[in-house]
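*Asks:* Have a look at this one.
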Amino acid sequence: MKLIRCLFLALAGLGFVAAGTAAAPATRPNIIYILADDLGYTDIAVNGSKYYETPNIDRLAAQGMNFTNYHNCQNCAPTRAALMTGQYGARTGTYTVGGIDRFDWSKRPLRPVDNVTNLPLDRVILPQALKSAGYATAMFGKWHLGQQGDYVPGRRGFDEAIVSNGRHFDFETTPKTSYPAGQYLADFLTDRALDFIRRKQGGPFFLYLPHFGVHSPHEAKADLIAKFKAKPGVGGHNNPVYAAMIASVDESVGRIMALLDELKIADNTVLIFSSDNGGMGGYVREGVKKDGSDVTDNAPLRSGKGSLYEGGTRVPLIVRWPGRIAPGSTNDTPAIHVDVYPTFAALADAKLPAQQVFDGESLMPLMLNRGAKLTREAIYQHFPGYLGAGGDNWRTTPVSTITAGDWKLMEFLEDGRLELYNLREDIGESKNLAATNPTKAKELHAQLGAWRAAIKAPMPTKNDAAKTEDAAKKKGGKKKRAENK
């Protein structure tokens with residue numbers, strides 16, 4: 001018994017036990033999760049920008065841990081579904097925004113898998129688990145997982161919820177809420193967040209602040225735009241309106257940090273900052289959009305939002321927990337959206353619902369112990385659809401990916417093409433090694449296929465209509481050539 005007790009204490013010190021993975025501290029911490037919208041990996045100074053100014057986010061990284069190899073989905077809704085359920089899109093059915101006919105895939109070889117726009121009600125989502133553990137819960141911002149009936153956040157575990165997205169000025173809220181004329185949405189959402197923190201400072205509380213910034217339409221406060229107009233751009237970071245939008249999100253982070261200090265609850269609050277997908281840039285380099293259409297640049301990462309290359313999925317993840325997470329630390333372990341739910345459950349000492357499958361793993365051991373490793377071998381993405389870029393150009397066609405250690409394999413489902421990259425040596429995914437390293441490509445391809453089979457990932461089907469149309473064109477072409485002879 002003494003040996004078992006010693007082993008238990010040792011594991012607890014490393015962050016294992018409770019909620020399946022981690023031991024909670026004597027006083028369970030408050031959890032604040034700030035999620036930017038469409039903010040690219042290098043859109044913050046700590047990750048490389050020389051033009052955008054993010055002093056508060058940078059300070060957060062200096063006081064906590066910067067996860068440099070963290071991924072979300074390629075666009076908004078599937079990321080949010082994964083965060084709320086701890087499940088890959090193949091389980092929730094949420095792969096993109098809206099229905100499959102949002103982009104015209106009629107001439108493509110495959111028919112996309114139908115998309116689920118309302119997050120299934122049979123899932124116990126993150127705020128429900130934390131509320132059951134005694135947390136006060138609130139959400140202010142973009143929801144994107146159902147707009148009516150039982151699908152709204154106020155009926156899915158949030159004690160308080162105000163939803164707003166679509167506009168940065170003269171915005172609408174659900175439920176309707178008054179605000180001063182001319183107020184900027186990021187400031188409004190932050191005001192509500194600060195009010196919630198003041199009222200619930202005795203804790204424990206969970207605050208989810210999913211900003212609409214820096215999503216289009218690109219609108220910002222005039223004084224901030226003027227500031228960046230006077231500043232020379234650096235590389236693909238040169239848009240003063242976009243820079244001003246980033247500055248407003250950074251202001252939000254700073255205001256929350258200041259209030260935590262004022263209330264003297266910073267030490268018992270885990271503060272997390274991330275973004276839902278990559279930035280709106282990299283398209284010109286990929287040849288899918290014309291010059292002048294990039295709002296930002298995710299370089300050195302390839303492509304941007306809507307793509308399964310790193311520029312579309314690798315995003316900031318910064319976590320601060322004073323006294324528990326080493327300040328100024330970094331971690332390059334491959335991590336992904338499905339890890340957030342089990343991580344927060346571990347922090348809160350909340351029970352994971354036994355009837356629900358969880359695809360992720362708590363990151364808490366990595367936060368508390370630099371030498372810790374996760375038990376899994378790989379992370380995955382599966383996108384059985386199309387995201388357009390205008391005209392006949394596509395940000396992505398159906399594709400599945402696996403990232404294992406330094407290696408990433410992409411299988412493009414239209415023709416089975418494989419792309420293999422060593423991300424440590426080639427973070428820009430410029431050298432496809434599938435032909436020169438067939439052993440590694442075969443190994444990862446088999447692993448990817450086994451995962452799809454295990455998770456029962458729906459696959460796109462043949463688009464017979466496109467074949468019929470192509471056949472008709474060929475037949476018509478032959479007839480025309482015969483007539484010209």
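Chain identifiers are assigned as A, B, and so on, following the order in which chains appear in the structure tokens; residues are numbered from 1 within each chain, and ligands are numbered from 1 in order of appearance.
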With only C-alpha atoms as the counted atoms, please give the residues lying no more than 7 Å from range 430-447 of chain A, apart from itself and same-chain residues fewer than 6 positions off, as a list in words.
*Replies:*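 Near neighbours after the sequence-gap exclusion: Leu409, Leu418, Glu419, Leu420 and Tyr421 of chain A.
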*Asks:* Go through range 370-439 of chain A and flag each residue having an atom no more than 7 Å from range 101-107 of chain A; for those, report the closest pair of atoms plus their distance in Å to one decimal, using only C-alpha atoms, ordered by chain and rising number, as JSON lines.
*Replies:*
{"residue": "A:Tyr386", "atom": "CA", "partner": "A:Trp105", "partner_atom": "CA", "distance": 7.0}
{"residue": "A:Leu387", "atom": "CA", "partner": "A:Phe103", "partner_atom": "CA", "distance": 6.6}
{"residue": "A:Gly388", "atom": "CA", "partner": "A:Phe103", "partner_atom": "CA", "distance": 5.9}
*Asks:* Keeping C-alpha atoms, export the residues of the selection given above as a PDB file, in the first residue's frame.
*Replies:*
ATOM      1  CA  TYR A 386     -14.272  21.070 -51.214  1.00  0.00           C
ATOM      2  CA  LEU A 387     -13.468  24.653 -50.288  1.00  0.00           C
ATOM      3  CA  GLY A 388     -13.396  27.042 -53.203  1.00  0.00           C
TER       4      GLY A 388
END
*Asks:* What parts of range 64-134 of chain A does DSSP call helix (DSSP H, G or I)? I'd like the answer as a compact mmCIF listing (two decimals) with N, CA and C atoms, in the first residue's frame.
*Replies:*
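Saved as selection18.txt:
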# COMPACT_ATOMS: atom_id res chain seq x y z
N CYS A 76 -13.88 27.51 -39.72
CA CYS A 76 -14.46 27.84 -38.41
C CYS A 76 -15.24 26.73 -37.71
N ALA A 77 -16.34 26.30 -38.31
CA ALA A 77 -17.29 25.42 -37.62
C ALA A 77 -16.69 24.09 -37.18
N PRO A 78 -15.92 23.38 -38.02
CA PRO A 78 -15.39 22.09 -37.57
C PRO A 78 -14.45 22.21 -36.38
N THR A 79 -13.68 23.30 -36.33
CA THR A 79 -12.83 23.52 -35.16
C THR A 79 -13.68 23.63 -33.90
N ARG A 80 -14.72 24.42 -33.97
CA ARG A 80 -15.56 24.65 -32.79
C ARG A 80 -16.27 23.38 -32.35
N ALA A 81 -16.69 22.56 -33.33
CA ALA A 81 -17.32 21.29 -33.00
C ALA A 81 -16.34 20.37 -32.29
N ALA A 82 -15.10 20.34 -32.76
CA ALA A 82 -14.08 19.50 -32.13
C ALA A 82 -13.73 19.99 -30.73
N LEU A 83 -13.63 21.31 -30.56
CA LEU A 83 -13.33 21.87 -29.24
C LEU A 83 -14.42 21.53 -28.23
N MET A 84 -15.66 21.62 -28.66
CA MET A 84 -16.78 21.42 -27.75
C MET A 84 -17.05 19.94 -27.44
N THR A 85 -16.66 19.04 -28.33
CA THR A 85 -16.97 17.61 -28.14
C THR A 85 -15.77 16.75 -27.81
N GLY A 89 -14.01 15.46 -36.64
CA GLY A 89 -15.17 15.71 -37.49
C GLY A 89 -15.83 14.46 -38.01
N ALA A 90 -15.07 13.38 -38.17
CA ALA A 90 -15.65 12.13 -38.65
C ALA A 90 -16.69 11.59 -37.69
N ARG A 91 -16.65 12.01 -36.44
CA ARG A 91 -17.66 11.59 -35.45
C ARG A 91 -18.81 12.59 -35.35
N THR A 92 -18.50 13.89 -35.44
CA THR A 92 -19.56 14.90 -35.30
C THR A 92 -20.29 15.15 -36.62
N ILE A 100 -23.03 21.41 -48.42
CA ILE A 100 -21.98 21.05 -49.38
C ILE A 100 -22.09 21.83 -50.69
N ASP A 101 -23.22 22.48 -50.92
CA ASP A 101 -23.40 23.23 -52.17
C ASP A 101 -22.94 24.69 -52.06
N ARG A 102 -22.27 25.00 -50.99
CA ARG A 102 -21.74 26.36 -50.84
C ARG A 102 -20.74 26.67 -51.96
N LEU A 126 -18.29 20.44 -23.76
CA LEU A 126 -17.35 20.92 -22.74
C LEU A 126 -17.99 21.73 -21.62
N PRO A 127 -18.79 22.76 -21.89
CA PRO A 127 -19.37 23.53 -20.77
C PRO A 127 -20.30 22.69 -19.90
N GLN A 128 -20.96 21.69 -20.48
CA GLN A 128 -21.82 20.83 -19.67
C GLN A 128 -20.99 20.02 -18.69
N ALA A 129 -19.84 19.51 -19.13
CA ALA A 129 -18.97 18.74 -18.25
C ALA A 129 -18.42 19.62 -17.13
N LEU A 130 -18.03 20.85 -17.47
CA LEU A 130 -17.47 21.73 -16.45
C LEU A 130 -18.55 22.23 -15.50
N LYS A 131 -19.74 22.47 -16.01
CA LYS A 131 -20.85 22.89 -15.14
C LYS A 131 -21.19 21.78 -14.16
N SER A 132 -21.18 20.54 -14.62
CA SER A 132 -21.46 19.40 -13.73
C SER A 132 -20.41 19.29 -12.63
*Asks:* Which residue gives the smallest distance to Ala465 in chain A among A:Arg108, A:Pro365, A:Thr333, A:Leu317, with only C-alpha atoms counted?
*Replies:*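 Looking only at the distances to Ala465 in chain A, the closest residue turns out to be A:Arg108.
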*Asks:* Here is a test: counting only C-alpha atoms, which residue of A:Met280, A:Ile57, A:Ala133, A:Leu363 is nearest to Ala350 in chain A?
*Replies:*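 Ranked by minimum distance to Ala350 in chain A, first place goes to A:Ala133.
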*Asks:* What's the separation between CA of Ala404 in chain A and CA of Gln381 in chain A, in Å to one decimal place?
*Replies:* 12.0 Å
*Asks:* Which residues, written as a PyMOL selection string, have at least one atom at most 8 Å from Asp159 in chain A, with only C-alpha atoms counted and residues fewer than 5 positions away on the same chain left out?
*Replies:* chain A and resi 136-138+154
*Asks:* What is the CA of Gly236 in chain A to CA of Asp291 in chain A distance in Å?
*Replies:*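 So the answer is 11.5 Å.
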*Asks:* What is the CA of Thr403 in chain A-CA of Tyr380 in chain A distance in Å, reported with one decimal?
*Replies:*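 Pair CA of Thr403 in chain A / CA of Tyr380 in chain A returns 6.4 Å.
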*Asks:* Please identify all polymer residues within 6 Å of range 179-194 of chain A, counting only C-alpha atoms, omitting same-chain residues fewer than 2 positions from it, and present them as a list in words.
*Replies:*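 Close residues of range 179-194 of chain A: Phe140, His168, Phe169, Phe196, Ile197 and Ser252 of chain A.
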*Asks:* Taking the DSSP secondary structure from the backbone, can you list the residues of range 129-353 of chain A that are strand (DSSP E), as a PyMOL selection string?
*Replies:* chain A and resi 136-141+160-163+205-210+269-275+317-320+329-331+335-336
*Asks:* Those residues with N, CA and C atoms, as a compact mmCIF listing (two decimals), in the first residue's frame please?
*Replies:*
# COMPACT_ATOMS: atom_id res chain seq x y z
N ALA A 136 -19.11 27.81 -12.79
CA ALA A 136 -19.97 28.79 -13.45
C ALA A 136 -19.44 28.93 -14.88
N THR A 137 -20.35 29.01 -15.86
CA THR A 137 -19.92 28.98 -17.26
C THR A 137 -20.52 30.14 -18.04
N ALA A 138 -19.73 30.68 -18.97
CA ALA A 138 -20.22 31.79 -19.80
C ALA A 138 -19.52 31.78 -21.14
N MET A 139 -20.24 32.25 -22.16
CA MET A 139 -19.70 32.37 -23.51
C MET A 139 -20.16 33.68 -24.12
N PHE A 140 -19.23 34.44 -24.68
CA PHE A 140 -19.56 35.69 -25.34
C PHE A 140 -18.83 35.74 -26.68
N GLY A 141 -19.58 35.66 -27.79
CA GLY A 141 -18.94 35.74 -29.10
C GLY A 141 -19.55 34.80 -30.12
N GLU A 160 -24.49 31.66 -18.95
CA GLU A 160 -24.69 32.94 -19.63
C GLU A 160 -24.12 32.84 -21.03
N ALA A 161 -24.82 33.39 -22.00
CA ALA A 161 -24.32 33.34 -23.37
C ALA A 161 -24.87 34.51 -24.18
N ILE A 162 -23.99 35.22 -24.86
CA ILE A 162 -24.37 36.23 -25.84
C ILE A 162 -23.62 35.90 -27.12
N VAL A 163 -24.37 35.69 -28.18
CA VAL A 163 -23.78 35.31 -29.46
C VAL A 163 -23.77 36.51 -30.39
N PHE A 205 -14.75 29.26 -12.29
CA PHE A 205 -15.56 29.61 -13.45
C PHE A 205 -14.83 29.22 -14.74
N PHE A 206 -15.64 29.03 -15.79
CA PHE A 206 -15.12 28.77 -17.14
C PHE A 206 -15.68 29.87 -18.04
N LEU A 207 -14.78 30.64 -18.64
CA LEU A 207 -15.16 31.71 -19.55
C LEU A 207 -14.62 31.39 -20.93
N TYR A 208 -15.53 31.31 -21.89
CA TYR A 208 -15.18 31.07 -23.29
C TYR A 208 -15.43 32.37 -24.04
N LEU A 209 -14.38 32.94 -24.60
CA LEU A 209 -14.47 34.23 -25.30
C LEU A 209 -14.02 34.05 -26.75
N PRO A 210 -14.93 33.56 -27.60
CA PRO A 210 -14.59 33.37 -29.02
C PRO A 210 -14.86 34.64 -29.83
N THR A 269 -5.88 31.05 -12.11
CA THR A 269 -6.62 31.11 -13.37
C THR A 269 -5.73 30.62 -14.51
N VAL A 270 -6.21 29.64 -15.24
CA VAL A 270 -5.52 29.18 -16.43
C VAL A 270 -6.06 30.00 -17.59
N LEU A 271 -5.19 30.76 -18.23
CA LEU A 271 -5.59 31.66 -19.32
C LEU A 271 -5.00 31.12 -20.63
N ILE A 272 -5.87 30.88 -21.60
CA ILE A 272 -5.47 30.26 -22.86
C ILE A 272 -5.85 31.18 -24.01
N PHE A 273 -4.94 31.30 -24.97
CA PHE A 273 -5.21 32.06 -26.19
C PHE A 273 -4.93 31.19 -27.40
N SER A 274 -5.85 31.22 -28.39
CA SER A 274 -5.66 30.45 -29.61
C SER A 274 -6.43 31.11 -30.75
N SER A 275 -6.46 30.43 -31.90
CA SER A 275 -7.22 30.88 -33.06
C SER A 275 -7.88 29.67 -33.69
N LEU A 317 -1.25 28.60 -29.82
CA LEU A 317 -1.86 28.10 -28.58
C LEU A 317 -0.91 28.47 -27.45
N ILE A 318 -1.34 29.39 -26.63
CA ILE A 318 -0.52 29.89 -25.53
C ILE A 318 -1.30 29.68 -24.23
N VAL A 319 -0.64 29.11 -23.22
CA VAL A 319 -1.30 28.78 -21.96
C VAL A 319 -0.48 29.32 -20.80
N ARG A 320 -1.16 30.09 -19.93
CA ARG A 320 -0.49 30.62 -18.73
C ARG A 320 -1.18 30.11 -17.48
N SER A 329 8.22 29.15 -21.58
CA SER A 329 8.49 27.81 -22.09
C SER A 329 7.78 27.58 -23.42
N THR A 330 8.30 26.63 -24.19
CA THR A 330 7.69 26.25 -25.45
C THR A 330 7.56 24.74 -25.50
N ASN A 331 6.65 24.27 -26.36
CA ASN A 331 6.49 22.83 -26.55
C ASN A 331 6.14 22.58 -28.01
N ALA A 335 -0.05 18.70 -31.39
CA ALA A 335 -1.29 18.72 -30.60
C ALA A 335 -2.40 19.23 -31.49
N ILE A 336 -3.66 19.00 -31.06
CA ILE A 336 -4.78 19.29 -31.94
C ILE A 336 -6.04 19.58 -31.13
*Asks:* Residues of range 309-384 of chain A that have any atom at most 8 Å from an atom of range 40-48 of chain A: could you tabulate them with the shortest-distance atom pair and the distance in Å to one decimal, using only C-alpha atoms, ordered by chain and increasing number, as CSV?
*Replies:*
residue,atom,partner,partner_atom,distance
A:Gly311,CA,A:Gly40,CA,7.4
A:Arg314,CA,A:Tyr41,CA,6.2
A:Val315,CA,A:Tyr41,CA,4.4
A:Pro316,CA,A:Tyr41,CA,5.3
*Asks:* Got time to write the residues from that selection, C-alpha atoms, as a PDB file, in the first residue's frame?
*Replies:*
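Result file is again_17.pdb:
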ATOM      1  CA  GLY A 311      -0.866  27.564 -43.037  1.00  0.00           C
ATOM      2  CA  ARG A 314      -1.358  25.396 -37.483  1.00  0.00           C
ATOM      3  CA  VAL A 315      -2.366  28.185 -35.097  1.00  0.00           C
ATOM      4  CA  PRO A 316      -1.172  29.829 -31.882  1.00  0.00           C
TER       5      PRO A 316
END
*Asks:* Any idea what's packed within 6 Å of range 299-309 of chain A, counting only C-alpha atoms, ignoring anything in its chain fewer than 6 positions away? Could you give it as a list in words?
*Replies:*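 Counting only the stated atoms, we get Gln74, Asn75, Gly278, Gly279, Met280, Gly281, Gly282, Tyr283, Arg395, Thr396 and Gly428 of chain A.
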*Asks:* Store the residues of this selection in a file with C-alpha atoms, as a PDB file, in the first residue's frame.
*Replies:*
ATOM      1  CA  GLN A  74      -9.049  24.486 -41.830  1.00  0.00           C
ATOM      2  CA  ASN A  75     -12.085  26.678 -41.122  1.00  0.00           C
ATOM      3  CA  GLY A 278      -5.037  29.822 -40.216  1.00  0.00           C
ATOM      4  CA  GLY A 279      -4.985  33.336 -41.624  1.00  0.00           C
ATOM      5  CA  MET A 280      -6.448  34.536 -44.926  1.00  0.00           C
ATOM      6  CA  GLY A 281      -3.229  34.464 -46.876  1.00  0.00           C
ATOM      7  CA  GLY A 282      -0.771  32.337 -48.794  1.00  0.00           C
ATOM      8  CA  TYR A 283      -3.216  31.934 -51.671  1.00  0.00           C
ATOM      9  CA  ARG A 395      -8.205  26.009 -51.415  1.00  0.00           C
ATOM     10  CA  THR A 396      -8.596  22.304 -50.819  1.00  0.00           C
ATOM     11  CA  GLY A 428       6.919  25.220 -45.547  1.00  0.00           C
TER      12      GLY A 428
END
